[in-house]
file input-v1.cif (mmCIF, C-alpha atoms and all ligand atoms)
data_final
#
loop_
_atom_site.label_atom_id
_atom_site.label_comp_id
_atom_site.auth_asym_id
_atom_site.auth_seq_id
_atom_site.Cartn_x
_atom_site.Cartn_y
_atom_site.Cartn_z
CA MET A 182 17.23 -16.09 -30.78
CA THR A 183 16.52 -18.62 -33.48
CA ASN A 184 15.33 -22.17 -33.95
CA HIS A 185 13.69 -22.30 -30.57
CA ASP A 186 10.62 -24.07 -31.75
CA VAL A 187 12.55 -27.02 -32.97
CA VAL A 188 12.17 -30.16 -30.95
CA LEU A 189 15.40 -31.96 -30.24
CA PRO A 190 15.57 -34.87 -32.65
CA ASP A 191 16.39 -38.38 -31.64
CA MET A 192 20.02 -38.06 -30.73
CA GLY A 193 20.60 -41.69 -31.57
CA ILE A 194 22.86 -42.13 -28.61
CA ALA A 195 22.70 -45.14 -26.40
CA VAL A 196 21.75 -44.33 -22.84
CA ALA A 197 24.79 -44.92 -20.70
CA ALA A 198 24.09 -47.21 -17.82
CA ALA A 199 23.79 -45.19 -14.65
CA ALA A 200 26.24 -47.53 -13.04
CA ALA A 201 28.89 -46.50 -15.53
CA LEU A 202 29.08 -43.03 -14.01
CA PRO A 203 31.01 -40.87 -13.37
CA GLY A 204 32.92 -39.74 -16.41
CA PRO A 205 36.54 -38.85 -16.91
CA ARG A 206 39.03 -39.17 -14.12
CA ARG A 207 39.34 -36.09 -12.05
CA ALA A 208 42.41 -34.00 -11.59
CA LEU A 209 44.11 -34.47 -8.29
CA PHE A 210 43.43 -31.74 -5.83
CA ALA A 211 46.28 -29.88 -4.29
CA CYS A 212 44.74 -29.75 -0.90
CA ARG A 213 42.48 -31.63 1.39
CA GLY A 214 40.14 -31.05 4.24
CA ALA A 215 36.83 -29.94 2.81
CA ALA A 216 35.29 -33.22 3.80
CA GLY A 217 33.34 -31.28 6.36
CA ALA A 218 31.88 -28.98 3.76
CA VAL A 219 28.79 -31.07 3.18
CA SER A 220 28.01 -31.57 6.81
CA SER A 221 28.84 -27.92 7.58
CA LEU A 222 26.45 -26.81 4.93
CA ARG A 223 23.79 -29.11 6.20
CA ARG A 224 24.24 -27.70 9.67
CA ALA A 225 24.81 -24.11 8.65
CA ALA A 226 22.65 -23.39 5.68
CA TYR A 227 19.84 -25.76 6.46
CA GLY A 228 20.17 -25.39 10.16
CA GLY A 229 17.36 -22.92 10.65
CA GLY A 230 16.74 -19.21 10.77
CA LEU A 231 19.45 -16.64 10.83
CA GLY A 232 18.31 -14.87 13.92
CA LEU A 233 16.71 -12.02 12.04
CA PRO A 234 13.53 -10.34 13.12
CA GLY A 235 10.70 -12.75 12.64
CA ALA A 236 12.97 -15.77 12.49
CA ALA A 237 12.57 -18.62 14.92
CA ASP A 238 15.62 -17.68 16.97
CA ALA A 239 15.09 -13.93 16.85
CA GLY A 240 14.73 -13.88 20.59
CA GLY A 241 18.48 -14.04 20.95
CA GLU A 242 19.15 -10.99 18.83
CA SER A 243 19.33 -8.41 21.57
CA PHE A 244 22.17 -10.31 23.17
CA LEU A 245 24.57 -9.90 20.28
CA GLY A 246 27.86 -8.60 21.48
CA ALA A 247 27.09 -9.32 25.11
CA PRO A 248 29.29 -11.69 27.12
CA ALA A 249 28.48 -15.34 26.49
CA THR A 250 25.87 -16.68 28.85
CA ALA A 251 23.36 -19.47 28.62
CA ALA A 252 20.76 -16.88 27.67
CA ASN A 253 22.62 -15.37 24.74
CA ALA A 254 24.05 -18.63 23.43
CA PRO A 255 21.44 -19.00 20.66
CA ALA A 256 22.30 -15.60 19.18
CA ARG A 257 26.01 -16.34 19.21
CA THR A 258 25.47 -19.75 17.66
CA CYS A 259 23.37 -18.07 15.06
CA THR A 260 26.12 -15.66 13.99
CA SER A 261 28.67 -18.42 13.87
CA ARG A 262 26.25 -20.43 11.80
CA VAL A 263 26.08 -17.58 9.29
CA VAL A 264 29.86 -17.41 9.17
CA GLU A 265 30.14 -21.17 8.86
CA ALA A 266 27.69 -21.14 5.98
CA ILE A 267 29.67 -18.46 4.14
CA ARG A 268 32.82 -20.50 4.63
CA ALA A 269 31.18 -23.72 3.49
CA SER A 270 29.81 -22.01 0.37
CA SER A 271 33.30 -21.27 -0.84
CA PRO A 272 35.70 -23.76 0.70
CA THR A 273 39.33 -22.82 0.19
CA ARG A 274 40.59 -26.34 0.73
CA CYS A 275 39.67 -29.17 -1.54
CA PRO A 276 38.83 -32.73 -0.57
CA ALA A 277 40.83 -35.87 -0.92
CA VAL A 278 40.32 -37.49 -4.30
CA ASP A 279 38.33 -40.41 -2.91
CA GLU A 280 35.93 -38.03 -1.14
CA TYR A 281 35.36 -36.14 -4.34
CA GLU A 282 34.90 -39.34 -6.30
CA ALA A 283 32.35 -40.59 -3.80
CA TRP A 284 30.44 -37.33 -4.21
CA THR A 285 30.56 -37.53 -8.00
CA ARG A 286 28.97 -40.95 -7.86
CA GLU A 287 25.93 -39.09 -6.50
CA HIS A 288 26.42 -36.06 -8.76
CA PRO A 289 28.25 -37.32 -11.85
CA SER A 290 30.08 -35.05 -14.24
CA ALA A 291 27.73 -33.58 -16.85
CA LEU A 292 30.58 -34.01 -19.34
CA GLY A 293 31.23 -37.63 -18.43
CA SER A 294 27.49 -38.26 -18.60
CA PHE A 295 26.94 -36.28 -21.76
CA ASP A 296 25.50 -39.20 -23.74
CA GLN A 297 23.05 -39.91 -20.97
CA ILE A 298 22.00 -36.26 -20.87
CA ALA A 299 21.61 -36.19 -24.63
CA ALA A 300 19.40 -39.26 -24.42
CA ALA A 301 17.26 -37.60 -21.75
CA ALA A 302 16.85 -34.62 -24.08
CA LYS A 303 15.58 -36.78 -26.88
CA GLY A 304 12.47 -35.22 -28.44
CA LYS A 305 12.40 -32.39 -25.89
CA ARG A 306 12.86 -28.66 -26.00
CA ILE A 307 15.88 -27.58 -24.07
CA VAL A 308 15.64 -24.34 -22.10
CA MET A 309 18.94 -23.13 -20.68
CA PHE A 310 19.34 -21.31 -17.38
CA MET A 311 22.75 -20.20 -16.21
CA ASP A 312 24.03 -18.40 -13.17
CA TYR A 313 26.79 -15.84 -13.76
CA ASP A 314 29.48 -15.59 -11.04
CA GLY A 315 31.37 -18.83 -10.56
CA THR A 316 29.49 -20.41 -13.47
CA LEU A 317 30.17 -18.29 -16.54
CA SER A 318 32.96 -16.27 -14.97
CA PRO A 319 35.60 -17.41 -12.51
CA ILE A 320 35.41 -16.17 -8.94
CA VAL A 321 37.76 -13.21 -8.47
CA THR A 322 38.45 -10.93 -5.52
CA ASP A 323 37.06 -7.77 -7.08
CA PRO A 324 33.38 -8.18 -8.05
CA ASP A 325 33.77 -5.45 -10.68
CA MET A 326 36.39 -7.52 -12.47
CA ALA A 327 34.40 -10.73 -12.87
CA PHE A 328 34.60 -10.75 -16.65
CA MET A 329 33.73 -13.73 -18.76
CA THR A 330 36.13 -14.75 -21.51
CA ALA A 331 35.45 -14.09 -25.19
CA GLU A 332 35.31 -17.87 -25.70
CA MET A 333 32.66 -18.25 -23.03
CA ARG A 334 30.67 -15.40 -24.56
CA ALA A 335 30.80 -17.14 -27.95
CA ALA A 336 29.65 -20.39 -26.35
CA VAL A 337 26.70 -18.68 -24.63
CA ARG A 338 25.84 -16.87 -27.86
CA ASP A 339 25.76 -20.19 -29.74
CA VAL A 340 23.61 -21.78 -27.05
CA ALA A 341 21.16 -18.88 -27.21
CA LYS A 342 20.85 -19.30 -30.96
CA GLN A 343 19.59 -22.83 -30.42
CA PHE A 344 17.65 -22.72 -27.15
CA PRO A 345 15.78 -20.12 -25.11
CA THR A 346 18.49 -19.02 -22.69
CA ALA A 347 18.38 -17.07 -19.44
CA ILE A 348 21.05 -15.74 -17.12
CA VAL A 349 19.79 -16.00 -13.53
CA THR A 350 21.98 -14.03 -11.16
CA GLY A 351 22.28 -12.14 -7.90
CA ARG A 352 23.76 -9.21 -9.80
CA CYS A 353 21.66 -6.30 -10.93
CA ILE A 354 20.57 -6.59 -14.53
CA GLU A 355 22.61 -3.62 -15.75
CA LYS A 356 25.82 -5.09 -14.37
CA VAL A 357 25.30 -8.62 -15.66
CA CYS A 358 24.23 -7.31 -19.09
CA SER A 359 27.44 -5.32 -19.28
CA PHE A 360 29.46 -8.42 -18.38
CA VAL A 361 27.66 -10.81 -20.74
CA GLY A 362 27.12 -8.34 -23.56
CA LEU A 363 24.56 -10.45 -25.42
CA SER A 364 21.11 -9.18 -26.33
CA ASP A 365 19.39 -12.41 -27.33
CA LEU A 366 18.98 -13.64 -23.79
CA TYR A 367 16.55 -13.44 -20.94
CA TYR A 368 18.07 -11.90 -17.84
CA ALA A 369 16.82 -12.48 -14.31
CA GLY A 370 18.85 -10.15 -12.09
CA SER A 371 18.73 -9.51 -8.34
CA HIS A 372 18.13 -13.22 -7.65
CA GLY A 373 15.22 -13.27 -10.06
CA MET A 374 13.55 -10.11 -8.80
CA ASP A 375 14.20 -8.24 -12.03
CA ILE A 376 13.37 -10.16 -15.19
CA LYS A 377 13.61 -8.91 -18.73
CA GLY A 378 13.38 -10.47 -22.15
CA PRO A 379 15.76 -10.41 -25.11
CA SER A 380 16.45 -6.82 -26.10
CA SER A 381 16.42 -7.76 -29.76
CA LYS A 382 12.68 -8.18 -29.45
CA GLU A 383 10.41 -5.20 -29.78
CA ASP A 384 8.89 -5.77 -26.38
CA THR A 385 12.23 -5.50 -24.68
CA THR A 386 10.40 -4.41 -21.62
CA VAL A 387 10.74 -5.62 -18.09
CA LEU A 388 8.81 -8.85 -17.69
CA LEU A 389 8.61 -8.89 -13.92
CA GLN A 390 9.77 -6.94 -10.88
CA PRO A 391 8.04 -8.52 -7.89
CA ALA A 392 9.96 -6.44 -5.32
CA ARG A 393 9.52 -2.96 -6.78
CA GLU A 394 8.02 -1.53 -3.64
CA PHE A 395 11.18 -2.46 -1.71
CA LEU A 396 13.45 -0.14 -3.70
CA PRO A 397 13.40 2.72 -1.16
CA VAL A 398 14.06 0.39 1.76
CA ILE A 399 16.88 -1.37 -0.11
CA ASP A 400 18.49 2.00 -0.78
CA LYS A 401 18.23 2.97 2.85
CA ALA A 402 19.68 -0.35 3.98
CA PHE A 403 22.52 0.05 1.47
CA ARG A 404 23.53 3.39 2.99
CA ALA A 405 23.22 2.02 6.53
CA LEU A 406 25.34 -1.01 5.69
CA GLU A 407 28.01 1.09 4.02
CA GLU A 408 28.17 3.32 7.05
CA ARG A 409 28.24 0.43 9.51
CA THR A 410 30.90 -1.63 7.70
CA ARG A 411 33.20 1.17 6.54
CA ASN A 412 35.73 0.50 9.32
CA THR A 413 36.14 -3.17 8.50
CA PRO A 414 39.12 -3.43 6.15
CA GLY A 415 38.20 -5.28 2.95
CA ALA A 416 34.44 -5.22 3.55
CA ARG A 417 32.39 -4.04 0.64
CA VAL A 418 28.68 -3.51 0.06
CA GLU A 419 27.40 -4.00 -3.47
CA ASN A 420 24.08 -2.55 -4.53
CA ASN A 421 22.31 -5.04 -6.78
CA LYS A 422 19.18 -2.91 -7.05
CA PHE A 423 16.59 -5.23 -5.49
CA CYS A 424 19.13 -6.81 -3.16
CA LEU A 425 22.48 -6.09 -1.58
CA SER A 426 25.68 -8.04 -1.11
CA VAL A 427 28.12 -7.63 1.73
CA HIS A 428 31.43 -9.09 0.57
CA PHE A 429 33.65 -10.98 3.00
CA ARG A 430 36.26 -12.23 0.51
CA CYS A 431 38.84 -9.53 1.26
CA VAL A 432 38.12 -9.38 4.98
CA ASP A 433 40.46 -11.07 7.43
CA GLU A 434 38.67 -14.23 8.59
CA LYS A 435 39.06 -13.13 12.20
CA SER A 436 36.74 -10.23 11.43
CA TRP A 437 34.03 -12.33 9.79
CA SER A 438 31.96 -12.82 12.94
CA PRO A 439 32.03 -9.14 13.96
CA LEU A 440 31.17 -8.18 10.39
CA ALA A 441 28.27 -10.64 10.27
CA GLU A 442 27.05 -9.19 13.56
CA GLN A 443 27.25 -5.66 12.16
CA VAL A 444 25.17 -6.71 9.19
CA LYS A 445 22.61 -8.34 11.42
CA ALA A 446 22.53 -5.29 13.66
CA VAL A 447 21.68 -3.08 10.67
CA LEU A 448 19.00 -5.48 9.55
CA ARG A 449 17.21 -5.19 12.86
CA ASP A 450 16.00 -1.82 11.58
CA PHE A 451 14.74 -3.42 8.39
CA PRO A 452 12.37 -6.24 9.30
CA GLU A 453 11.15 -6.33 5.71
CA LEU A 454 14.55 -7.61 4.58
CA LYS A 455 16.14 -11.02 5.04
CA LEU A 456 19.62 -12.46 4.95
CA THR A 457 21.05 -15.39 2.99
CA GLU A 458 24.62 -16.57 2.44
CA GLY A 459 26.66 -17.10 -0.68
CA ARG A 460 30.30 -17.50 -1.61
CA LYS A 461 32.05 -15.28 0.92
CA VAL A 462 29.11 -12.96 0.75
CA LEU A 463 25.96 -12.15 2.72
CA GLU A 464 22.97 -11.32 0.60
CA ILE A 465 20.26 -8.99 1.85
CA ARG A 466 16.95 -9.11 0.07
CA PRO A 467 13.24 -8.45 0.47
CA SER A 468 11.38 -10.94 2.65
CA ILE A 469 9.17 -12.10 -0.14
CA MET A 470 8.69 -15.63 -1.36
CA TRP A 471 10.77 -15.09 -4.44
CA ASP A 472 14.06 -16.61 -5.48
CA LYS A 473 15.91 -18.04 -8.46
CA GLY A 474 13.59 -21.06 -8.43
CA LYS A 475 10.51 -18.87 -8.75
CA ALA A 476 12.23 -16.97 -11.56
CA VAL A 477 12.83 -20.24 -13.41
CA GLU A 478 9.18 -21.21 -12.99
CA PHE A 479 8.08 -17.78 -14.17
CA LEU A 480 10.30 -17.92 -17.26
CA LEU A 481 9.17 -21.44 -18.14
CA ARG A 482 5.55 -20.30 -17.88
CA SER A 483 6.29 -17.20 -19.94
CA LEU A 484 7.83 -19.38 -22.61
CA GLY A 485 4.69 -21.48 -22.66
CA PHE A 486 5.88 -24.43 -20.60
CA ASP A 487 3.43 -24.86 -17.76
CA ASP A 488 4.04 -27.01 -14.72
CA ASP A 489 1.62 -29.68 -15.86
CA ASP A 490 2.77 -29.56 -19.44
CA GLY A 491 6.34 -30.57 -18.87
CA SER A 492 6.73 -33.71 -20.87
CA ASP A 493 8.29 -32.04 -23.88
CA VAL A 494 10.60 -29.56 -22.16
CA LEU A 495 13.99 -30.08 -20.61
CA PRO A 496 15.10 -27.14 -18.47
CA VAL A 497 18.83 -27.22 -17.76
CA TYR A 498 20.06 -25.07 -14.87
CA ILE A 499 23.78 -24.56 -14.23
CA GLY A 500 24.90 -22.76 -11.07
CA ASP A 501 27.51 -22.80 -8.33
CA ASP A 502 26.03 -21.11 -5.29
CA ARG A 503 23.58 -21.59 -2.42
CA THR A 504 21.03 -19.37 -4.15
CA ASP A 505 21.06 -21.70 -7.16
CA GLU A 506 19.77 -24.49 -4.93
CA ASP A 507 16.31 -22.88 -5.10
CA ALA A 508 16.34 -23.48 -8.83
CA PHE A 509 17.69 -27.03 -8.48
CA LYS A 510 14.87 -27.74 -6.02
CA VAL A 511 12.26 -26.51 -8.47
CA LEU A 512 13.54 -28.80 -11.21
CA LYS A 513 13.71 -31.70 -8.79
CA LYS A 514 10.17 -31.05 -7.61
CA ARG A 515 8.90 -30.82 -11.15
CA GLY A 516 10.63 -34.12 -11.81
CA GLN A 517 11.82 -32.51 -14.95
CA GLY A 518 15.05 -30.96 -16.06
CA LEU A 519 18.68 -31.14 -15.12
CA GLY A 520 20.38 -29.30 -12.30
CA ILE A 521 24.15 -29.03 -12.71
CA LEU A 522 26.23 -27.79 -9.77
CA VAL A 523 29.56 -26.16 -10.54
CA SER A 524 31.90 -27.19 -7.76
CA LYS A 525 35.30 -28.70 -7.14
CA CYS A 526 34.30 -29.74 -3.66
CA PRO A 527 31.53 -31.94 -2.35
CA LYS A 528 28.50 -29.87 -1.42
CA GLU A 529 25.02 -30.67 -0.25
CA THR A 530 22.93 -30.06 -3.36
CA ASP A 531 19.71 -30.81 -5.16
CA ALA A 532 21.52 -30.79 -8.49
CA SER A 533 21.82 -34.12 -10.27
CA TYR A 534 25.07 -33.48 -12.10
CA SER A 535 28.27 -31.55 -11.56
CA LEU A 536 30.93 -29.63 -13.43
CA GLN A 537 34.16 -28.50 -11.84
CA ASP A 538 34.52 -24.91 -13.01
CA PRO A 539 33.56 -22.37 -15.72
CA THR A 540 35.98 -24.00 -18.17
CA GLU A 541 34.02 -27.25 -17.91
CA VAL A 542 30.78 -25.28 -18.19
CA MET A 543 32.03 -23.85 -21.48
CA GLU A 544 33.04 -27.30 -22.71
CA PHE A 545 29.56 -28.59 -21.88
CA LEU A 546 27.83 -25.71 -23.70
CA ILE A 547 29.99 -26.15 -26.79
CA ARG A 548 29.34 -29.88 -26.84
CA LEU A 549 25.59 -29.35 -26.49
CA VAL A 550 25.49 -27.04 -29.49
CA VAL A 551 27.73 -29.26 -31.61
CA GLU A 552 25.59 -32.29 -30.85
CA TRP A 553 22.39 -30.37 -31.53
CA LYS A 554 23.65 -29.11 -34.88
CA ARG A 555 24.95 -32.53 -35.86
CA LEU A 556 21.56 -34.04 -35.22
CA ARG A 557 19.78 -31.41 -37.21
CA SER A 558 21.95 -31.97 -40.23
CA PRO A 559 20.28 -34.04 -42.98
CA SER A 560 22.79 -36.86 -42.66
CA ALA A 561 21.90 -37.32 -39.01
CA ALA A 562 18.41 -38.36 -40.05
CA ARG A 563 19.87 -41.51 -41.56
CA PRO A 564 20.44 -44.51 -39.33
CA ARG A 565 23.89 -44.63 -37.78
CA ALA A 566 24.75 -47.93 -39.45
CA ALA A 567 24.23 -46.39 -42.87
CA GLN A 568 26.43 -43.44 -41.99
CA GLN A 569 29.19 -45.71 -40.75
CA HIS A 570 28.97 -47.78 -43.89
CA GLN A 571 29.72 -44.74 -46.02
CA GLN A 572 32.78 -43.69 -44.01
O1 LIG B 1 24.03 -15.37 -8.62
P1 LIG B 1 25.43 -15.05 -9.01
O2 LIG B 1 25.56 -14.61 -10.42
O3 LIG B 1 26.38 -16.18 -8.68
O4 LIG B 1 25.82 -13.82 -8.09
C1 LIG B 1 26.07 -14.03 -6.70
C2 LIG B 1 27.01 -12.97 -6.22
O5 LIG B 1 28.10 -12.97 -7.15
C3 LIG B 1 29.09 -11.98 -6.99
O6 LIG B 1 29.89 -12.34 -5.87
C4 LIG B 1 30.62 -13.52 -6.07
O7 LIG B 1 31.55 -13.31 -7.16
C5 LIG B 1 32.53 -12.27 -6.94
C6 LIG B 1 33.34 -12.09 -8.21
O8 LIG B 1 33.93 -13.30 -8.61
C7 LIG B 1 33.38 -12.63 -5.71
O9 LIG B 1 34.32 -11.63 -5.44
C8 LIG B 1 32.46 -12.84 -4.49
O10 LIG B 1 33.20 -13.29 -3.39
C9 LIG B 1 31.38 -13.88 -4.81
O11 LIG B 1 30.45 -13.98 -3.75
C10 LIG B 1 28.49 -10.60 -6.87
O12 LIG B 1 29.50 -9.67 -6.61
C11 LIG B 1 27.39 -10.56 -5.84
O13 LIG B 1 26.79 -9.28 -5.82
C12 LIG B 1 26.35 -11.59 -6.22
O14 LIG B 1 25.29 -11.57 -5.32
#
call {"tool": "encode", "arguments": {"input": "input-v1.cif", "output": "structure tokens", "more": "lines below"}}
Ligand SMILES: O=P(O)(O)OC[C@H]1O[C@H](O[C@H]2O[C@H](CO)[C@@H](O)[C@H](O)[C@H]2O)[C@H](O)[C@@H](O)[C@@H]1O
result
Amino acid sequence: MTNHDVVLPDMGIAVAAAAALPGPRRALFACRGAAGAVSSLRRAAYGGGLGLPGAADAGGESFLGAPATAANAPARTCTSRVVEAIRASSPTRCPAVDEYEAWTREHPSALGSFDQIAAAAKGKRIVMFMDYDGTLSPIVTDPDMAFMTAEMRAAVRDVAKQFPTAIVTGRCIEKVCSFVGLSDLYYAGSHGMDIKGPSSKEDTTVLLQPAREFLPVIDKAFRALEERTRNTPGARVENNKFCLSVHFRCVDEKSWSPLAEQVKAVLRDFPELKLTEGRKVLEIRPSIMWDKGKAVEFLLRSLGFDDDDGSDVLPVYIGDDRTDEDAFKVLKKRGQGLGILVSKCPKETDASYSLQDPTEVMEFLIRLVVEWKRLRSPSAARPRAAQQHQQ
């Protein structure tokens, strides 16, 4: 990692008027109908507890699987809420163009707003945070095949040469390191519960593992979940070391509710674990107050950027999933930094900007590095008018 102590010079770019957003015209979407995604998410993901032990609606748990009655209604609603949240996290149908355009007025394209972003970065130190699946690699059916392209790897490598850069992911560190294959990065695996620094540094040690004591219980839950879900065609449990993922992507949608109920049934034996939803996945993790947002705060502190010392730092976080919202929230709360949601569909989000897919993410990263290098070149120090005069 090089040049990290350099403050971003005056980019000399006029701030685009906010009203001029969004950027380039969007591609037409082949399908429609995800208009409900935002409201579904609001209802599903923000709608309350998941009916796990200790959650507000845990009282309904023992009724799972029983015939519907007034008494067991909360538990049933709860499971359907989980399923609805999984569905809303990864909508298969895209919205009508006008719905998407309305959403991008609230969350403009980070590419279309690049000049504005560059202006916001003026004189600040950029710190890059990026999620992996759905952000650096496209979503695929087999989680073991979620490779990033060589071009994306080159773009991330170039970014990491200019700015402190971290990959913040639900994957275990070993897996994401093997996918990314770059040593000059910080990695926060298992949703931030396993953080390590660049391996090119001598102290390549683990920086933080706040859920270490949960390893035995996670292992036990992994075996129980494998056992319990083995008869559901397409279901798959992935061990991400400090957390687990139960994949729904290859499961017939009719079996989603029974599968979610199986997962919840297993978790009744593990009150120290909690459940969250992602893109066609249920995530099981320790019930500690730790998430991607906390990992971002930890890394910023470790890099010397304290909460109250934020005027000269610009954290940029790019992610596509529900779990990335914790990081967007942190940036929003700090009143500092840029959250960029990767999505082709409107979603309830705390991110300020959007990008459609990993290809746009790559374009954004390349543009950031090009702009940064241009501004650090000696000629960039001269006023623009003088440069134009010479051309
Ligand atoms: O935080 P992330 O890096 O986004 O990791 C979240 C989960 O990503 C992976 O699952 C997702 O991507 C898979 C491959 O494209 C896809 O098949 C799956 O449906 C998605 O949910 C990963 O496999 C999970 O373990 C992560 O928790």
call {"tool": "closest_atom_pairs", "arguments": {"input": "input-v1.cif", "of": "chain A", "to": "ligand LIG 1 (chain B)", "cutoff": "8 Å", "atoms": "all atoms listed in the file", "output": "JSON lines"}}
result
{"residue": "A:Asp312", "atom": "CA", "partner": "B:LIG1", "partner_atom": "O2", "distance": 4.9}
{"residue": "A:Tyr313", "atom": "CA", "partner": "B:LIG1", "partner_atom": "O2", "distance": 3.8}
{"residue": "A:Asp314", "atom": "CA", "partner": "B:LIG1", "partner_atom": "O3", "distance": 3.9}
{"residue": "A:Gly315", "atom": "CA", "partner": "B:LIG1", "partner_atom": "O3", "distance": 6.0}
{"residue": "A:Thr316", "atom": "CA", "partner": "B:LIG1", "partner_atom": "O3", "distance": 7.1}
{"residue": "A:Ser318", "atom": "CA", "partner": "B:LIG1", "partner_atom": "O8", "distance": 7.1}
{"residue": "A:Pro319", "atom": "CA", "partner": "B:LIG1", "partner_atom": "O8", "distance": 5.9}
{"residue": "A:Ile320", "atom": "CA", "partner": "B:LIG1", "partner_atom": "O8", "distance": 3.2}
{"residue": "A:Val321", "atom": "CA", "partner": "B:LIG1", "partner_atom": "O8", "distance": 3.8}
{"residue": "A:Thr322", "atom": "CA", "partner": "B:LIG1", "partner_atom": "O9", "distance": 4.2}
{"residue": "A:Asp323", "atom": "CA", "partner": "B:LIG1", "partner_atom": "O9", "distance": 5.0}
{"residue": "A:Pro324", "atom": "CA", "partner": "B:LIG1", "partner_atom": "C6", "distance": 3.9}
{"residue": "A:Asp325", "atom": "CA", "partner": "B:LIG1", "partner_atom": "C6", "distance": 7.1}
{"residue": "A:Met326", "atom": "CA", "partner": "B:LIG1", "partner_atom": "C6", "distance": 7.0}
{"residue": "A:Ala327", "atom": "CA", "partner": "B:LIG1", "partner_atom": "C6", "distance": 5.0}
{"residue": "A:Val349", "atom": "CA", "partner": "B:LIG1", "partner_atom": "O1", "distance": 6.5}
{"residue": "A:Thr350", "atom": "CA", "partner": "B:LIG1", "partner_atom": "O1", "distance": 3.5}
{"residue": "A:Gly351", "atom": "CA", "partner": "B:LIG1", "partner_atom": "O1", "distance": 3.7}
{"residue": "A:Arg352", "atom": "CA", "partner": "B:LIG1", "partner_atom": "O13", "distance": 5.0}
{"residue": "A:Cys353", "atom": "CA", "partner": "B:LIG1", "partner_atom": "O13", "distance": 7.8}
{"residue": "A:Val357", "atom": "CA", "partner": "B:LIG1", "partner_atom": "O2", "distance": 8.0}
{"residue": "A:Ser371", "atom": "CA", "partner": "B:LIG1", "partner_atom": "O14", "distance": 7.5}
{"residue": "A:His372", "atom": "CA", "partner": "B:LIG1", "partner_atom": "O1", "distance": 6.4}
{"residue": "A:Glu419", "atom": "CA", "partner": "B:LIG1", "partner_atom": "O13", "distance": 5.8}
{"residue": "A:Asn420", "atom": "CA", "partner": "B:LIG1", "partner_atom": "O13", "distance": 7.4}
{"residue": "A:Asn421", "atom": "CA", "partner": "B:LIG1", "partner_atom": "O13", "distance": 6.2}
{"residue": "A:Leu425", "atom": "CA", "partner": "B:LIG1", "partner_atom": "O13", "distance": 6.8}
{"residue": "A:Ser426", "atom": "CA", "partner": "B:LIG1", "partner_atom": "O13", "distance": 5.0}
{"residue": "A:Val427", "atom": "CA", "partner": "B:LIG1", "partner_atom": "O13", "distance": 7.8}
{"residue": "A:His428", "atom": "CA", "partner": "B:LIG1", "partner_atom": "O10", "distance": 6.0}
{"residue": "A:Phe429", "atom": "CA", "partner": "B:LIG1", "partner_atom": "O10", "distance": 6.8}
{"residue": "A:Arg430", "atom": "CA", "partner": "B:LIG1", "partner_atom": "O10", "distance": 5.1}
{"residue": "A:Gly459", "atom": "CA", "partner": "B:LIG1", "partner_atom": "O11", "distance": 5.8}
{"residue": "A:Arg460", "atom": "CA", "partner": "B:LIG1", "partner_atom": "O11", "distance": 4.1}
{"residue": "A:Lys461", "atom": "CA", "partner": "B:LIG1", "partner_atom": "O10", "distance": 4.9}
{"residue": "A:Val462", "atom": "CA", "partner": "B:LIG1", "partner_atom": "O11", "distance": 4.8}
{"residue": "A:Glu464", "atom": "CA", "partner": "B:LIG1", "partner_atom": "O14", "distance": 6.4}
{"residue": "A:Gly500", "atom": "CA", "partner": "B:LIG1", "partner_atom": "O3", "distance": 7.2}
{"residue": "A:Asp501", "atom": "CA", "partner": "B:LIG1", "partner_atom": "O3", "distance": 6.7}
{"residue": "A:Asp502", "atom": "CA", "partner": "B:LIG1", "partner_atom": "O3", "distance": 6.0}
{"residue": "A:Thr504", "atom": "CA", "partner": "B:LIG1", "partner_atom": "O1", "distance": 6.7}
{"residue": "A:Asp505", "atom": "CA", "partner": "B:LIG1", "partner_atom": "O1", "distance": 7.1}
call {"tool": "closest_residue", "arguments": {"input": "input-v1.cif", "among": "A:Val494, A:Val551, A:Ala402, A:Val444", "to": "Pro467 in chain A", "atoms": "only C-alpha atoms"}}
result
A:Ala402
call {"tool": "atom_distance", "arguments": {"input": "input-v1.cif", "atom1": "CA of Val432 in chain A", "atom2": "CA of Gly415 in chain A"}}
result
4.6 Å
call {"tool": "atom_distance", "arguments": {"input": "input-v1.cif", "atom1": "CA of Glu282 in chain A", "atom2": "CA of Val497 in chain A"}}
result
23.2 Å
call {"tool": "atom_distance", "arguments": {"input": "input-v1.cif", "atom1": "CA of Leu519 in chain A", "atom2": "CA of Val337 in chain A"}}
result
17.6 Å
call {"tool": "closest_atom_pairs", "arguments": {"input": "input-v1.cif", "of": "range 372-464 of chain A", "to": "range 471-493 of chain A", "cutoff": "8 Å", "atoms": "only C-alpha atoms", "output": "Markdown table"}}
result
| residue | atom | partner | partner_atom | distance |
| --- | --- | --- | --- | --- |
| A:His372 | CA | A:Lys473 | CA | 5.4 |
| A:Gly373 | CA | A:Ala476 | CA | 5.0 |
| A:Met374 | CA | A:Trp471 | CA | 7.2 |
| A:Ile376 | CA | A:Ala476 | CA | 7.8 |
| A:Pro391 | CA | A:Trp471 | CA | 7.9 |
